[in-house]
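A quick write-up on the structure given underneath.
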Amino acid sequence: MLVTAFQEQVGVPVVASAIVAAAVMVIDGRFGPPPLVLPFKYGAIVVHIPWLLALLLIGAGATFLARRAGAGFSRRLLVALSPALLIGGSVNVLMAFVVTAASIGGHRVYPIDFVGHFIVGWLVVPAIALLFGSLPFLRDGVSEQRP
């Protein structure tokens, strides 16, 4: 079975990092300390500290794999952000449906809370942690190309 360069440089690291990030999130939710709840102008932000610390390593590992496979900067950046985009994106789409259904069903909904809790808490904060972890492997230095 042939694997394309894109699959090797992006596909494998993205799938691996998303699975590990989701697994660590489940473990943190089950056995970790309670999350911090930070007040925000547009809804509270729930911060899972152990998960964010793990995202530093997950971002580094995924970007390392992409760089080792010969990925360019844009592909490495995509790989680095992939757990936040996949997990946070899924959560945001699901919550958009829930908020819409609740609003249609006559429940009082404050859509502005969606910004703080879901967009910032599930996309922006995890993306920052992943980027910090991946910084050493985003540089355009000598990348380890496979023969």
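Identifiers in this document derive from the order of the structure tokens: chains are assigned A, B, ..., residues are numbered from 1 separately in each chain, and ligands are numbered from 1 in order of occurrence.
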
Residues within 12 Å of region 37-39 of chain A, only C-alpha atoms, excluding chain neighbours under 2 positions, as a compact mmCIF listing (two decimals) with N, CA, C and O atoms, in the first residue's frame:
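Everything below was put into around-v5.txt:
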# COMPACT_ATOMS: atom_id res chain seq x y z
N PRO A 34 -10.27 19.12 39.46
CA PRO A 34 -11.36 19.88 38.84
C PRO A 34 -10.78 21.04 38.02
O PRO A 34 -9.75 21.61 38.39
N PRO A 35 -11.41 21.36 36.92
CA PRO A 35 -10.88 22.45 36.08
C PRO A 35 -11.06 23.81 36.75
O PRO A 35 -11.92 23.99 37.61
N LYS A 41 -15.51 38.14 29.89
CA LYS A 41 -16.58 39.07 29.53
C LYS A 41 -17.71 38.36 28.77
O LYS A 41 -18.87 38.71 28.90
N TYR A 42 -17.36 37.38 27.97
CA TYR A 42 -18.34 36.68 27.14
C TYR A 42 -18.47 35.22 27.55
O TYR A 42 -18.25 34.31 26.77
N GLY A 43 -18.81 34.94 28.78
CA GLY A 43 -18.98 33.59 29.27
C GLY A 43 -17.73 33.10 29.98
O GLY A 43 -16.63 33.58 29.76
N ALA A 44 -17.89 32.14 30.85
CA ALA A 44 -16.77 31.60 31.61
C ALA A 44 -15.91 30.69 30.74
O ALA A 44 -16.39 30.03 29.82
N ILE A 45 -14.62 30.67 31.06
CA ILE A 45 -13.69 29.78 30.36
C ILE A 45 -13.29 28.68 31.32
O ILE A 45 -12.82 28.95 32.43
N VAL A 46 -13.50 27.44 30.92
CA VAL A 46 -13.12 26.29 31.73
C VAL A 46 -11.74 25.83 31.27
O VAL A 46 -11.55 25.52 30.09
N VAL A 47 -10.78 25.81 32.21
CA VAL A 47 -9.39 25.48 31.87
C VAL A 47 -9.00 24.18 32.56
O VAL A 47 -8.99 24.11 33.79
N HIS A 48 -8.67 23.20 31.78
CA HIS A 48 -8.19 21.91 32.28
C HIS A 48 -6.67 21.94 32.24
O HIS A 48 -6.06 21.66 31.20
N ILE A 49 -6.04 22.27 33.35
CA ILE A 49 -4.59 22.49 33.41
C ILE A 49 -3.80 21.25 32.97
O ILE A 49 -2.91 21.36 32.12
N ASP A 113 -22.42 33.79 25.51
CA ASP A 113 -21.64 32.88 26.36
C ASP A 113 -20.90 31.84 25.53
O ASP A 113 -19.91 31.27 25.96
N GLY A 116 -17.04 32.88 24.90
CA GLY A 116 -16.04 32.63 25.93
C GLY A 116 -15.81 31.16 26.19
O GLY A 116 -14.68 30.67 26.15
N HIS A 117 -16.89 30.46 26.45
CA HIS A 117 -16.74 29.06 26.86
C HIS A 117 -16.26 28.16 25.73
O HIS A 117 -15.34 27.37 25.92
N VAL A 120 -13.21 30.45 22.89
CA VAL A 120 -11.95 30.71 23.58
C VAL A 120 -11.48 29.47 24.33
O VAL A 120 -10.32 29.06 24.22
N GLY A 121 -12.37 28.84 25.09
CA GLY A 121 -11.99 27.71 25.93
C GLY A 121 -11.65 26.43 25.18
O GLY A 121 -10.81 25.65 25.63

Practice problem: Return as number ranges by chain the full set of residues in chain A whose backbone-based DSSP assignment is helix (DSSP H, G or I). | Solution: A: 5-31, 49-68, 73-104, 112-138

Write out as a short mmCIF file (atom, residue, chain, number, x, y, z; two decimals) with N, CA and C atoms, in the first residue's frame each polymer residue whose atoms come within 9 Å of Leu57 (chain A), counting only C-alpha atoms; drop sequence neighbours fewer than 6 positions from it.
data_model
loop_
_atom_site.label_atom_id
_atom_site.label_comp_id
_atom_site.auth_asym_id
_atom_site.auth_seq_id
_atom_site.Cartn_x
_atom_site.Cartn_y
_atom_site.Cartn_z
N LEU A 130 -0.77 24.22 22.10
CA LEU A 130 -0.18 23.40 21.03
C LEU A 130 0.91 24.16 20.29
N GLY A 133 4.11 24.32 22.34
CA GLY A 133 4.81 23.03 22.31
C GLY A 133 5.51 22.77 20.99
N SER A 134 4.93 23.25 19.91
CA SER A 134 5.47 22.95 18.59
C SER A 134 6.53 23.94 18.11
#

Practice problem: Would you mind listing what lies within 10 Å of region 19-23 of chain A as a PyMOL selection string, with only C-alpha atoms counted and same-chain residues fewer than 4 positions away left out? | Solution: chain A and resi 13-15+27-29+51-52+54-55+57-59+82-84+86-87

Quiz prompt | Using only C-alpha atoms: which of A:Gly88, A:Thr4, A:Arg108, A:Pro50 has the shortest distance to Val26 (chain A) | solution = A:Pro50

Quiz item: Distance CA of Phe97 (chain A)-CA of Phe118 (chain A), one decimal place?
Solution: 12.8 Å

Practice problem: List every residue of region 14-61 of chain A that DSSP, applied to the backbone of this structure, places in strand (DSSP E), and write the result as a ChimeraX atom specification. | Solution: /A:36-38,45-47

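Across A:Leu2, A:Val24, A:Phe40, A:Phe73, the tightest approach to Ile112 (chain A) is made by A:Phe40 when counting only C-alpha atoms.
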